[in-house]
file target.pdb (PDB, C-alpha atoms and all ligand atoms)
ATOM      1  CA  MET Q 292    -208.486-157.147 234.301
ATOM      2  CA  ASP Q 293    -209.568-154.099 232.249
ATOM      3  CA  THR Q 294    -212.737-154.059 230.227
ATOM      4  CA  LEU Q 295    -211.722-154.457 226.621
ATOM      5  CA  GLY Q 296    -214.638-152.965 224.753
ATOM      6  CA  ILE Q 297    -213.033-149.541 224.387
ATOM      7  CA  PRO Q 298    -210.333-148.580 221.855
ATOM      8  CA  SER Q 299    -207.547-147.589 224.292
ATOM      9  CA  ASN Q 300    -207.590-150.854 226.243
ATOM     10  CA  THR Q 301    -207.797-152.947 223.081
ATOM     11  CA  ILE Q 302    -204.823-151.159 221.554
ATOM     12  CA  GLU Q 303    -202.901-151.575 224.809
ATOM     13  CA  VAL Q 304    -203.492-155.345 224.827
ATOM     14  CA  LEU Q 305    -202.502-155.648 221.154
ATOM     15  CA  GLN Q 306    -199.277-153.689 221.761
ATOM     16  CA  LYS Q 307    -198.372-155.377 225.005
ATOM     17  CA  HIS Q 308    -198.532-158.812 223.362
ATOM     18  CA  LYS Q 309    -197.131-157.587 220.033
ATOM     19  CA  PHE Q 310    -200.095-159.316 218.470
ATOM     20  CA  THR Q 311    -200.291-159.413 214.680
ATOM     21  CA  ILE Q 312    -203.879-159.297 213.464
ATOM     22  CA  GLN Q 313    -204.597-162.261 211.188
ATOM     23  CA  LYS Q 314    -206.736-161.384 208.210
ATOM     24  CA  LYS Q 315    -206.998-165.051 207.273
ATOM     25  CA  PHE Q 316    -208.921-165.678 210.502
ATOM     26  CA  GLY Q 317    -211.305-162.761 209.907
ATOM     27  CA  GLN Q 318    -210.074-160.852 212.945
ATOM     28  CA  ASN Q 319    -212.030-157.618 213.511
ATOM     29  CA  PHE Q 320    -212.144-156.884 217.219
ATOM     30  CA  LEU Q 321    -215.112-155.058 218.740
ATOM     31  CA  ILE Q 322    -214.222-151.801 220.486
ATOM     32  CA  ASP Q 323    -217.670-150.436 221.297
ATOM     33  CA  SER Q 324    -219.177-151.172 224.686
ATOM     34  CA  HIS Q 325    -222.727-150.292 223.511
ATOM     35  CA  VAL Q 326    -222.548-152.886 220.760
ATOM     36  CA  LEU Q 327    -221.172-155.466 223.184
ATOM     37  CA  GLU Q 328    -224.060-154.767 225.560
ATOM     38  CA  ARG Q 329    -226.520-154.949 222.698
ATOM     39  CA  ILE Q 330    -225.313-158.391 221.609
ATOM     40  CA  THR Q 331    -225.313-159.715 225.159
ATOM     41  CA  ASP Q 332    -228.831-158.335 225.750
ATOM     42  CA  ALA Q 333    -230.065-159.822 222.484
ATOM     43  CA  ALA Q 334    -228.834-163.248 223.599
ATOM     44  CA  GLN Q 335    -231.218-163.009 226.604
ATOM     45  CA  LEU Q 336    -228.854-164.737 229.006
ATOM     46  CA  ASN Q 337    -229.437-165.838 232.566
ATOM     47  CA  SER Q 338    -227.310-167.522 235.212
ATOM     48  CA  GLN Q 339    -228.535-170.977 234.151
ATOM     49  CA  ASP Q 340    -227.265-170.574 230.597
ATOM     50  CA  CYS Q 341    -224.276-172.258 229.065
ATOM     51  CA  VAL Q 342    -222.924-170.216 226.150
ATOM     52  CA  ILE Q 343    -220.645-171.343 223.360
ATOM     53  CA  GLU Q 344    -218.760-168.348 222.010
ATOM     54  CA  ILE Q 345    -217.167-168.791 218.588
ATOM     55  CA  GLY Q 346    -213.957-166.784 218.159
ATOM     56  CA  PRO Q 347    -213.463-164.843 221.403
ATOM     57  CA  GLY Q 348    -210.528-162.912 219.897
ATOM     58  CA  LEU Q 349    -209.078-160.778 222.684
ATOM     59  CA  GLY Q 350    -212.004-161.641 224.971
ATOM     60  CA  ALA Q 351    -214.037-158.410 224.777
ATOM     61  CA  MET Q 352    -217.397-160.095 224.307
ATOM     62  CA  THR Q 353    -216.439-163.000 226.552
ATOM     63  CA  GLN Q 354    -216.118-160.564 229.469
ATOM     64  CA  TYR Q 355    -219.710-159.418 228.917
ATOM     65  CA  LEU Q 356    -221.042-162.950 228.398
ATOM     66  CA  ALA Q 357    -219.373-164.182 231.587
ATOM     67  CA  LYS Q 358    -221.243-161.549 233.618
ATOM     68  CA  SER Q 359    -224.675-162.685 232.388
ATOM     69  CA  ALA Q 360    -224.368-166.417 231.735
ATOM     70  CA  GLY Q 361    -223.686-169.323 234.085
ATOM     71  CA  ARG Q 362    -220.896-170.682 231.960
ATOM     72  CA  VAL Q 363    -219.029-169.683 228.785
ATOM     73  CA  ILE Q 364    -217.072-172.033 226.534
ATOM     74  CA  ALA Q 365    -214.985-169.890 224.170
ATOM     75  CA  VAL Q 366    -213.617-171.658 221.074
ATOM     76  CA  GLU Q 367    -210.726-169.812 219.390
ATOM     77  CA  ILE Q 368    -208.738-171.098 216.401
ATOM     78  CA  ASP Q 369    -205.730-168.748 216.698
ATOM     79  CA  ARG Q 370    -203.224-170.227 219.121
ATOM     80  CA  ALA Q 371    -201.506-166.847 219.513
ATOM     81  CA  LEU Q 372    -204.641-165.497 221.191
ATOM     82  CA  ILE Q 373    -204.735-168.116 223.951
ATOM     83  CA  PRO Q 374    -202.176-166.492 226.317
ATOM     84  CA  ILE Q 375    -203.880-163.133 225.748
ATOM     85  CA  LEU Q 376    -207.280-164.618 226.591
ATOM     86  CA  GLU Q 377    -205.844-166.255 229.701
ATOM     87  CA  GLU Q 378    -204.838-162.787 230.831
ATOM     88  CA  THR Q 379    -207.908-160.764 229.779
ATOM     89  CA  LEU Q 380    -210.272-163.386 231.202
ATOM     90  CA  SER Q 381    -208.305-164.154 234.354
ATOM     91  CA  GLY Q 382    -210.535-164.038 237.393
ATOM     92  CA  LEU Q 383    -213.594-165.150 235.433
ATOM     93  CA  SER Q 384    -214.049-168.619 236.880
ATOM     94  CA  ASN Q 385    -217.024-169.481 234.660
ATOM     95  CA  VAL Q 386    -215.064-169.164 231.392
ATOM     96  CA  GLU Q 387    -213.265-171.998 229.648
ATOM     97  CA  ILE Q 388    -211.065-171.392 226.603
ATOM     98  CA  LEU Q 389    -210.653-174.055 223.918
ATOM     99  CA  ASN Q 390    -208.027-173.689 221.203
ATOM    100  CA  ALA Q 391    -209.834-175.297 218.251
ATOM    101  CA  ASP Q 392    -211.426-174.785 214.864
ATOM    102  CA  ILE Q 393    -215.194-174.557 215.403
ATOM    103  CA  MET Q 394    -215.749-176.490 212.148
ATOM    104  CA  LYS Q 395    -213.845-179.456 213.578
ATOM    105  CA  VAL Q 396    -215.108-179.523 217.151
ATOM    106  CA  ASP Q 397    -217.539-182.328 217.994
ATOM    107  CA  LEU Q 398    -220.198-179.920 219.202
ATOM    108  CA  ARG Q 399    -222.726-182.557 220.258
ATOM    109  CA  ARG Q 400    -220.113-184.103 222.521
ATOM    110  CA  LEU Q 401    -219.018-180.706 223.827
ATOM    111  CA  ILE Q 402    -222.617-179.835 224.764
ATOM    112  CA  GLU Q 403    -223.009-183.247 226.389
ATOM    113  CA  GLU Q 404    -219.822-182.780 228.423
ATOM    114  CA  LYS Q 405    -220.293-179.153 229.426
ATOM    115  CA  ASN Q 406    -224.063-178.894 229.801
ATOM    116  CA  GLY Q 407    -225.316-182.455 230.229
ATOM    117  CA  GLY Q 408    -226.730-182.338 226.669
ATOM    118  CA  ARG Q 409    -229.163-179.541 227.581
ATOM    119  CA  PRO Q 410    -229.639-176.775 224.979
ATOM    120  CA  VAL Q 411    -226.950-174.084 224.919
ATOM    121  CA  LYS Q 412    -226.894-170.600 223.422
ATOM    122  CA  VAL Q 413    -224.346-169.677 220.772
ATOM    123  CA  VAL Q 414    -223.094-166.095 220.714
ATOM    124  CA  ALA Q 415    -220.420-164.778 218.350
ATOM    125  CA  ASN Q 416    -218.953-161.962 216.380
ATOM    126  CA  LEU Q 417    -218.375-164.365 213.516
ATOM    127  CA  PRO Q 418    -215.331-164.367 211.258
ATOM    128  CA  TYR Q 419    -216.839-163.271 207.929
ATOM    129  CA  TYR Q 420    -214.799-165.643 205.744
ATOM    130  CA  ILE Q 421    -216.663-168.630 207.125
ATOM    131  CA  THR Q 422    -220.043-167.256 208.294
ATOM    132  CA  THR Q 423    -222.384-169.359 206.161
ATOM    133  CA  PRO Q 424    -220.619-172.715 206.716
ATOM    134  CA  ILE Q 425    -220.677-172.128 210.487
ATOM    135  CA  ILE Q 426    -224.384-171.229 210.505
ATOM    136  CA  MET Q 427    -225.302-174.157 208.268
ATOM    137  CA  ARG Q 428    -223.319-176.539 210.430
ATOM    138  CA  LEU Q 429    -225.010-175.305 213.611
ATOM    139  CA  LEU Q 430    -228.466-175.667 212.064
ATOM    140  CA  GLU Q 431    -228.177-178.832 209.990
ATOM    141  CA  GLU Q 432    -226.615-180.967 212.702
ATOM    142  CA  LYS Q 433    -229.756-180.433 214.777
ATOM    143  CA  LEU Q 434    -227.681-179.750 217.859
ATOM    144  CA  PRO Q 435    -229.307-178.918 221.192
ATOM    145  CA  LEU Q 436    -229.267-175.138 220.715
ATOM    146  CA  GLN Q 437    -231.726-172.588 222.048
ATOM    147  CA  SER Q 438    -230.566-169.601 220.084
ATOM    148  CA  ILE Q 439    -227.728-168.292 217.947
ATOM    149  CA  THR Q 440    -226.967-164.585 218.357
ATOM    150  CA  ILE Q 441    -224.336-163.467 215.881
ATOM    151  CA  MET Q 442    -222.694-160.497 214.266
ATOM    152  CA  VAL Q 443    -222.487-161.050 210.522
ATOM    153  CA  GLN Q 444    -222.068-158.987 207.386
ATOM    154  CA  LYS Q 445    -225.223-156.875 206.960
ATOM    155  CA  GLU Q 446    -226.101-158.431 203.582
ATOM    156  CA  VAL Q 447    -225.893-161.931 205.052
ATOM    157  CA  ALA Q 448    -228.240-160.944 207.896
ATOM    158  CA  GLN Q 449    -230.687-159.517 205.341
ATOM    159  CA  ARG Q 450    -230.532-162.753 203.334
ATOM    160  CA  MET Q 451    -231.294-164.808 206.439
ATOM    161  CA  GLN Q 452    -234.401-162.746 207.194
ATOM    162  CA  ALA Q 453    -235.694-162.255 203.621
ATOM    163  CA  GLY Q 454    -238.968-163.641 202.279
ATOM    164  CA  PRO Q 455    -240.284-164.406 198.746
ATOM    165  CA  GLY Q 456    -240.245-161.469 196.349
ATOM    166  CA  SER Q 457    -237.147-159.891 197.893
ATOM    167  CA  LYS Q 458    -233.869-159.827 195.979
ATOM    168  CA  ASP Q 459    -232.151-161.147 199.125
ATOM    169  CA  TYR Q 460    -234.378-164.248 199.252
ATOM    170  CA  GLY Q 461    -232.477-167.445 198.557
ATOM    171  CA  ALA Q 462    -231.352-170.860 199.746
ATOM    172  CA  LEU Q 463    -229.840-169.366 202.938
ATOM    173  CA  SER Q 464    -233.144-167.626 203.830
ATOM    174  CA  LEU Q 465    -235.066-170.873 203.482
ATOM    175  CA  ALA Q 466    -232.509-172.975 205.340
ATOM    176  CA  VAL Q 467    -232.409-170.543 208.264
ATOM    177  CA  GLN Q 468    -236.182-170.106 208.382
ATOM    178  CA  PHE Q 469    -236.768-173.866 208.371
ATOM    179  CA  TYR Q 470    -234.862-174.161 211.634
ATOM    180  CA  ALA Q 471    -235.269-170.813 213.345
ATOM    181  CA  LYS Q 472    -237.073-167.529 213.730
ATOM    182  CA  ALA Q 473    -234.648-164.860 212.497
ATOM    183  CA  GLN Q 474    -234.616-161.311 213.822
ATOM    184  CA  ILE Q 475    -232.104-158.549 213.078
ATOM    185  CA  VAL Q 476    -231.516-156.700 216.356
ATOM    186  CA  ALA Q 477    -228.865-154.097 215.491
ATOM    187  CA  ASN Q 478    -226.874-152.624 212.634
ATOM    188  CA  VAL Q 479    -223.216-151.956 213.374
ATOM    189  CA  PRO Q 480    -220.943-149.613 211.375
ATOM    190  CA  PRO Q 481    -217.272-150.404 210.555
ATOM    191  CA  ASN Q 482    -215.893-147.918 213.111
ATOM    192  CA  CYS Q 483    -216.950-150.217 215.966
ATOM    193  CA  PHE Q 484    -214.086-152.607 215.113
ATOM    194  CA  ILE Q 485    -210.281-152.708 214.997
ATOM    195  CA  PRO Q 486    -209.341-153.094 212.191
ATOM    196  CA  ARG Q 487    -212.365-151.663 210.391
ATOM    197  CA  PRO Q 488    -214.043-154.137 208.037
ATOM    198  CA  ASN Q 489    -214.960-152.973 204.516
ATOM    199  CA  VAL Q 490    -218.615-153.798 205.082
ATOM    200  CA  ASP Q 491    -221.470-152.927 207.423
ATOM    201  CA  SER Q 492    -222.462-155.529 209.966
ATOM    202  CA  SER Q 493    -225.661-156.606 211.716
ATOM    203  CA  VAL Q 494    -226.473-158.574 214.809
ATOM    204  CA  ILE Q 495    -229.103-161.233 214.166
ATOM    205  CA  ARG Q 496    -230.750-163.606 216.618
ATOM    206  CA  LEU Q 497    -231.931-167.005 215.462
ATOM    207  CA  THR Q 498    -234.337-168.613 217.921
ATOM    208  CA  LEU Q 499    -234.468-172.292 217.130
ATOM    209  CA  TYR Q 500    -237.800-174.048 216.695
ATOM    210  CA  GLU Q 501    -238.466-177.209 218.649
ATOM    211  CA  GLU Q 502    -240.362-178.427 215.583
ATOM    212  CA  PRO Q 503    -239.856-176.976 212.078
ATOM    213  CA  PRO Q 504    -242.718-174.674 211.013
ATOM    214  CA  VAL Q 505    -243.374-176.852 207.948
ATOM    215  CA  SER Q 506    -243.018-180.571 207.491
ATOM    216  CA  ALA Q 507    -241.496-182.216 204.441
ATOM    217  CA  GLN Q 508    -241.501-185.996 204.067
ATOM    218  CA  ASP Q 509    -237.884-185.873 202.926
ATOM    219  CA  GLU Q 510    -235.981-182.789 204.133
ATOM    220  CA  LYS Q 511    -232.952-183.722 202.065
ATOM    221  CA  ARG Q 512    -234.973-183.720 198.874
ATOM    222  CA  MET Q 513    -236.634-180.424 199.798
ATOM    223  CA  PHE Q 514    -233.250-178.754 200.312
ATOM    224  CA  SER Q 515    -231.938-180.218 197.027
ATOM    225  CA  ILE Q 516    -234.950-178.644 195.288
ATOM    226  CA  ILE Q 517    -234.338-175.323 197.049
ATOM    227  CA  ARG Q 518    -230.642-175.310 196.130
ATOM    228  CA  ALA Q 519    -231.366-176.229 192.508
ATOM    229  CA  SER Q 520    -234.022-173.487 192.243
ATOM    230  CA  PHE Q 521    -231.645-170.765 193.375
ATOM    231  CA  ASN Q 522    -228.555-172.082 191.558
ATOM    232  CA  GLN Q 523    -230.367-171.049 188.399
ATOM    233  CA  ARG Q 524    -232.302-168.221 189.908
ATOM    234  CA  ARG Q 525    -233.490-166.561 186.698
ATOM    235  CA  LYS Q 526    -234.722-169.808 185.164
ATOM    236  CA  MET Q 527    -238.204-171.249 185.513
ATOM    237  CA  LEU Q 528    -238.457-173.938 188.187
ATOM    238  CA  ILE Q 529    -239.403-176.534 185.578
ATOM    239  CA  ASN Q 530    -236.017-176.024 183.914
ATOM    240  CA  SER Q 531    -233.826-175.542 186.977
ATOM    241  CA  LEU Q 532    -235.124-178.723 188.619
ATOM    242  CA  HIS Q 533    -234.743-180.632 185.351
ATOM    243  CA  ASN Q 534    -231.179-179.349 184.832
ATOM    244  CA  ALA Q 535    -229.968-180.149 188.369
ATOM    245  CA  PRO Q 536    -227.973-183.419 188.128
ATOM    246  CA  GLU Q 537    -228.935-184.678 191.611
ATOM    247  CA  LEU Q 538    -232.645-184.208 190.825
ATOM    248  CA  ALA Q 539    -232.993-184.505 187.024
ATOM    249  CA  ALA Q 540    -236.689-183.914 187.635
ATOM    250  CA  ASP Q 541    -239.146-184.850 184.922
ATOM    251  CA  LYS Q 542    -240.476-181.576 183.471
ATOM    252  CA  GLU Q 543    -244.013-182.901 183.178
ATOM    253  CA  ALA Q 544    -244.011-184.011 186.823
ATOM    254  CA  VAL Q 545    -242.869-180.552 187.954
ATOM    255  CA  ARG Q 546    -245.519-178.873 185.776
ATOM    256  CA  THR Q 547    -248.286-181.109 187.177
ATOM    257  CA  ALA Q 548    -247.120-180.544 190.765
ATOM    258  CA  LEU Q 549    -246.983-176.764 190.355
ATOM    259  CA  LEU Q 550    -250.399-176.570 188.714
ATOM    260  CA  SER Q 551    -251.922-178.761 191.429
ATOM    261  CA  MET Q 552    -250.609-176.254 193.965
ATOM    262  CA  GLY Q 553    -252.170-173.347 192.068
ATOM    263  CA  ILE Q 554    -248.736-172.046 190.998
ATOM    264  CA  SER Q 555    -247.939-170.978 187.451
ATOM    265  CA  GLU Q 556    -245.898-173.470 185.443
ATOM    266  CA  LYS Q 557    -243.662-170.504 184.583
ATOM    267  CA  ALA Q 558    -242.851-169.762 188.242
ATOM    268  CA  ARG Q 559    -239.291-169.231 189.420
ATOM    269  CA  GLY Q 560    -238.001-170.552 192.734
ATOM    270  CA  GLU Q 561    -237.782-167.073 194.206
ATOM    271  CA  GLU Q 562    -241.606-166.867 194.154
ATOM    272  CA  LEU Q 563    -242.205-169.910 196.362
ATOM    273  CA  THR Q 564    -242.577-169.876 200.149
ATOM    274  CA  LEU Q 565    -240.993-172.463 202.431
ATOM    275  CA  THR Q 566    -244.385-174.191 202.785
ATOM    276  CA  GLN Q 567    -244.700-174.391 198.997
ATOM    277  CA  PHE Q 568    -241.203-175.869 198.624
ATOM    278  CA  ALA Q 569    -242.110-178.537 201.203
ATOM    279  CA  ARG Q 570    -245.330-179.362 199.314
ATOM    280  CA  LEU Q 571    -243.536-179.454 195.954
ATOM    281  CA  SER Q 572    -240.926-181.791 197.408
ATOM    282  CA  ASP Q 573    -243.646-184.136 198.728
ATOM    283  CA  LEU Q 574    -245.473-184.139 195.384
ATOM    284  CA  LEU Q 575    -242.299-184.849 193.389
ATOM    285  CA  GLY Q 576    -241.365-187.593 195.854
ATOM    286  CA  LYS Q 577    -244.728-189.236 195.333
ATOM    287  CA  ASP Q 578    -244.161-189.269 191.560
ATOM    288  CA  ARG Q 579    -240.798-190.877 192.033
ATOM    289  CA  ALA Q 580    -242.082-193.641 194.327
TER     290      ALA Q 580
HETATM  291  N1  LIG J 601    -215.137-161.937 219.560
HETATM  292  C1  LIG J 601    -214.056-161.035 219.252
HETATM  293  C2  LIG J 601    -214.588-159.631 219.221
HETATM  294  O1  LIG J 601    -215.800-159.467 219.039
HETATM  295  O2  LIG J 601    -213.798-158.702 219.372
HETATM  296  C3  LIG J 601    -213.361-161.402 217.922
HETATM  297  C4  LIG J 601    -214.259-161.500 216.705
HETATM  298  S1  LIG J 601    -213.392-161.712 215.186
HETATM  299  C5  LIG J 601    -214.569-161.073 214.046
HETATM  300  C6  LIG J 601    -213.502-163.452 214.838
HETATM  301  C7  LIG J 601    -212.717-164.374 215.742
HETATM  302  O3  LIG J 601    -212.924-165.727 215.337
HETATM  303  C8  LIG J 601    -211.207-164.174 215.703
HETATM  304  O4  LIG J 601    -210.698-164.173 217.009
HETATM  305  C9  LIG J 601    -210.680-165.373 214.928
HETATM  306  O5  LIG J 601    -209.352-165.742 215.256
HETATM  307  C10 LIG J 601    -211.702-166.436 215.316
HETATM  308  N2  LIG J 601    -211.852-167.538 214.346
HETATM  309  C11 LIG J 601    -211.714-167.494 212.999
HETATM  310  N3  LIG J 601    -211.983-168.681 212.442
HETATM  311  C12 LIG J 601    -212.316-169.521 213.469
HETATM  312  C13 LIG J 601    -212.674-170.898 213.541
HETATM  313  N4  LIG J 601    -212.772-171.643 212.425
HETATM  314  N5  LIG J 601    -212.909-171.453 214.746
HETATM  315  C14 LIG J 601    -212.821-170.698 215.884
HETATM  316  N6  LIG J 601    -212.475-169.390 215.878
HETATM  317  C15 LIG J 601    -212.247-168.801 214.687
END
call {"tool": "encode", "arguments": {"input": "target.pdb", "output": "structure tokens"}}
result
Amino acid sequence: MDTLGIPSNTIEVLQKHKFTIQKKFGQNFLIDSHVLERITDAAQLNSQDCVIEIGPGLGAMTQYLAKSAGRVIAVEIDRALIPILEETLSGLSNVEILNADIMKVDLRRLIEEKNGGRPVKVVANLPYYITTPIIMRLLEEKLPLQSITIMVQKEVAQRMQAGPGSKDYGALSLAVQFYAKAQIVANVPPNCFIPRPNVDSSVIRLTLYEEPPVSAQDEKRMFSIIRASFNQRRKMLINSLHNAPELAADKEAVRTALLSMGISEKARGEELTLTQFARLSDLLGKDRA
């Protein structure tokens, strides 16, 4: 079994299996051993860890993960990759390959079955066409996860890490930061992949909190407020929360809540911190009760 993370071996595997790269599955295979080491290091694995890898592709990263973790469950949607993975990962007894769509797998059950329900680590070079839905699913389902270490488009990584006042700050930043501490650990140029993507990439590690850093009485309402604020980003909060059909907030109630928090009634959502959104949600909930 050759190590895949170098161009010649990757090309050899692709040719040997006459594999056609599927754009629709976001297939950009890593061909840089330094980047593969960097991701594996960032995931901080030990022999007790069970890793879920999303989209193993040809198995380049899986080979690295298998060396550091106790067990790797690799979930790949493309059936054509399964015989290739069986070959490139042969001899690695701690790897299990599942042919499935990660959006449809019952992850809670999988973690129960494979790791007795104990927290697992997710590691992936994510397919870019579906990055945000995958991340949101992993976070919102409150699964037993310790960390999520992923390669994503650079702009998406910046959005996850951004705070108030930054142009990248938005609903994704707040959602991620409610559940996890986000840290960009590496930037990766297009020439580290076959085929080369049109964008720069970054590796980001999300370390999940046991308890969220802020508490909101009704998380669902808080996230509706956050989404409504950024759907109409340039509008004042008073208007964007009033205009959002699922909230239809009373303008006077929003004004009173903002002023009681020492925030200008003209404020836009992009100025508020996560703590302030939680407080605003609680105050508006009280008015509704
Ligand atoms: N891990 C490999 C690497 O780093 O070379 C491949 C990464 S490639 C960017 C993304 C992989 O995710 C592809 O193998 C693709 O087929 C797979 N994939 C795409 N959508 C998926 C889904 N919904 N569920 C599971 N795997 C998926």
call {"tool": "closest_residue", "arguments": {"input": "target.pdb", "among": "Q:Thr331, Q:Leu321, Q:Met352, Q:Ile441", "to": "Ile302 (chain Q)", "atoms": "all atoms listed in the file"}}
result
Q:Leu321
call {"tool": "residues_around", "arguments": {"input": "target.pdb", "residues": "Ala558 (chain Q)", "least_positions_apart": "2", "cutoff": "6 Å", "atoms": "only C-alpha atoms", "output": "PyMOL selection string"}}
result
chain Q and resi 527+555-556
call {"tool": "write_last_selection", "arguments": {"input": "target.pdb", "atoms": "C-alpha atoms", "output": "tab-separated table (two decimals), keeping the file's coordinate frame"}}
result
chain	number	residue	atom	x	y	z
Q	527	MET	CA	-238.20	-171.25	185.51
Q	555	SER	CA	-247.94	-170.98	187.45
Q	556	GLU	CA	-245.90	-173.47	185.44
call {"tool": "closest_residue", "arguments": {"input": "target.pdb", "among": "Q:Gly560, Q:Pro486, Q:Gly461, Q:Pro410", "to": "ligand LIG 601 (chain J)", "atoms": "all atoms listed in the file"}}
result
Q:Pro486
call {"tool": "residues_around", "arguments": {"input": "target.pdb", "residues": "Leu574 (chain Q)", "least_positions_apart": "4", "cutoff": "12 Å", "atoms": "only C-alpha atoms", "output": "JSON, numbers by chain"}}
result
{"Q": [507, 508, 509, 512, 513, 516, 540, 544, 545, 546, 547, 548, 549, 550, 551, 552, 567, 568, 569, 570, 578, 579, 580]}
call {"tool": "residues_around", "arguments": {"input": "target.pdb", "residues": "region 393-396 of chain Q", "least_positions_apart": "6", "cutoff": "10 Å", "atoms": "all atoms listed in the file", "output": "list in words"}}
result
Glu344, Ile345, Gly346, Ala365, Val366, Glu367, Ile368, Ile421, Pro424, Ile425, Arg428 and Leu429 of chain Q
call {"tool": "write_last_selection", "arguments": {"input": "target.pdb", "atoms": "C-alpha atoms", "output": "PDB file, in the coordinates of the input"}}
result
ATOM      1  CA  GLU Q 344    -218.760-168.348 222.010  1.00  0.00           C
ATOM      2  CA  ILE Q 345    -217.167-168.791 218.588  1.00  0.00           C
ATOM      3  CA  GLY Q 346    -213.957-166.784 218.159  1.00  0.00           C
ATOM      4  CA  ALA Q 365    -214.985-169.890 224.170  1.00  0.00           C
ATOM      5  CA  VAL Q 366    -213.617-171.658 221.074  1.00  0.00           C
ATOM      6  CA  GLU Q 367    -210.726-169.812 219.390  1.00  0.00           C
ATOM      7  CA  ILE Q 368    -208.738-171.098 216.401  1.00  0.00           C
ATOM      8  CA  ILE Q 421    -216.663-168.630 207.125  1.00  0.00           C
ATOM      9  CA  PRO Q 424    -220.619-172.715 206.716  1.00  0.00           C
ATOM     10  CA  ILE Q 425    -220.677-172.128 210.487  1.00  0.00           C
ATOM     11  CA  ARG Q 428    -223.319-176.539 210.430  1.00  0.00           C
ATOM     12  CA  LEU Q 429    -225.010-175.305 213.611  1.00  0.00           C
TER      13      LEU Q 429
END
call {"tool": "closest_residue", "arguments": {"input": "target.pdb", "among": "Q:Thr498, Q:Thr311, Q:Asn530, Q:Ser506", "to": "ligand LIG 601 (chain J)", "atoms": "only C-alpha atoms and all ligand atoms"}}
result
Q:Thr311
call {"tool": "residues_near_ligand", "arguments": {"input": "target.pdb", "ligand": "ligand LIG 601 (chain J)", "cutoff": "8 Å", "atoms": "all atoms listed in the file", "output": "mmCIF file with C-alpha atoms, in the coordinates of the input"}}
result
data_model
loop_
_atom_site.group_PDB
_atom_site.id
_atom_site.type_symbol
_atom_site.label_atom_id
_atom_site.label_comp_id
_atom_site.auth_asym_id
_atom_site.auth_seq_id
_atom_site.Cartn_x
_atom_site.Cartn_y
_atom_site.Cartn_z
ATOM 1 C CA GLY Q 296 -214.638 -152.965 224.753
ATOM 2 C CA GLN Q 313 -204.597 -162.261 211.188
ATOM 3 C CA LYS Q 315 -206.998 -165.051 207.273
ATOM 4 C CA PHE Q 316 -208.921 -165.678 210.502
ATOM 5 C CA GLY Q 317 -211.305 -162.761 209.907
ATOM 6 C CA GLN Q 318 -210.074 -160.852 212.945
ATOM 7 C CA ASN Q 319 -212.030 -157.618 213.511
ATOM 8 C CA PHE Q 320 -212.144 -156.884 217.219
ATOM 9 C CA LEU Q 321 -215.112 -155.058 218.740
ATOM 10 C CA ILE Q 322 -214.222 -151.801 220.486
ATOM 11 C CA LEU Q 327 -221.172 -155.466 223.184
ATOM 12 C CA GLU Q 344 -218.760 -168.348 222.010
ATOM 13 C CA ILE Q 345 -217.167 -168.791 218.588
ATOM 14 C CA GLY Q 346 -213.957 -166.784 218.159
ATOM 15 C CA PRO Q 347 -213.463 -164.843 221.403
ATOM 16 C CA GLY Q 348 -210.528 -162.912 219.897
ATOM 17 C CA LEU Q 349 -209.078 -160.778 222.684
ATOM 18 C CA GLY Q 350 -212.004 -161.641 224.971
ATOM 19 C CA ALA Q 351 -214.037 -158.410 224.777
ATOM 20 C CA MET Q 352 -217.397 -160.095 224.307
ATOM 21 C CA THR Q 353 -216.439 -163.000 226.552
ATOM 22 C CA VAL Q 366 -213.617 -171.658 221.074
ATOM 23 C CA GLU Q 367 -210.726 -169.812 219.390
ATOM 24 C CA ILE Q 368 -208.738 -171.098 216.401
ATOM 25 C CA ASP Q 369 -205.730 -168.748 216.698
ATOM 26 C CA LEU Q 372 -204.641 -165.497 221.191
ATOM 27 C CA ASN Q 390 -208.027 -173.689 221.203
ATOM 28 C CA ALA Q 391 -209.834 -175.297 218.251
ATOM 29 C CA ASP Q 392 -211.426 -174.785 214.864
ATOM 30 C CA ILE Q 393 -215.194 -174.557 215.403
ATOM 31 C CA MET Q 394 -215.749 -176.490 212.148
ATOM 32 C CA LYS Q 395 -213.845 -179.456 213.578
ATOM 33 C CA ALA Q 415 -220.420 -164.778 218.350
ATOM 34 C CA ASN Q 416 -218.953 -161.962 216.380
ATOM 35 C CA LEU Q 417 -218.375 -164.365 213.516
ATOM 36 C CA PRO Q 418 -215.331 -164.367 211.258
ATOM 37 C CA TYR Q 419 -216.839 -163.271 207.929
ATOM 38 C CA TYR Q 420 -214.799 -165.643 205.744
ATOM 39 C CA ILE Q 421 -216.663 -168.630 207.125
ATOM 40 C CA PHE Q 484 -214.086 -152.607 215.113
#
call {"tool": "residues_around", "arguments": {"input": "target.pdb", "residues": "Leu356 (chain Q)", "least_positions_apart": "6", "cutoff": "10 Å", "atoms": "only C-alpha atoms", "output": "MDAnalysis selection string"}}
result
chainID Q and resid 327:328 330:332 334 336:337 341:344 350 362:363 385:386 414
call {"tool": "write_last_selection", "arguments": {"input": "target.pdb", "atoms": "C-alpha atoms", "output": "tab-separated table (two decimals), keeping the file's coordinate frame"}}
result
chain	number	residue	atom	x	y	z
Q	327	LEU	CA	-221.17	-155.47	223.18
Q	328	GLU	CA	-224.06	-154.77	225.56
Q	330	ILE	CA	-225.31	-158.39	221.61
Q	331	THR	CA	-225.31	-159.72	225.16
Q	332	ASP	CA	-228.83	-158.34	225.75
Q	334	ALA	CA	-228.83	-163.25	223.60
Q	336	LEU	CA	-228.85	-164.74	229.01
Q	337	ASN	CA	-229.44	-165.84	232.57
Q	341	CYS	CA	-224.28	-172.26	229.06
Q	342	VAL	CA	-222.92	-170.22	226.15
Q	343	ILE	CA	-220.64	-171.34	223.36
Q	344	GLU	CA	-218.76	-168.35	222.01
Q	350	GLY	CA	-212.00	-161.64	224.97
Q	362	ARG	CA	-220.90	-170.68	231.96
Q	363	VAL	CA	-219.03	-169.68	228.78
Q	385	ASN	CA	-217.02	-169.48	234.66
Q	386	VAL	CA	-215.06	-169.16	231.39
Q	414	VAL	CA	-223.09	-166.10	220.71
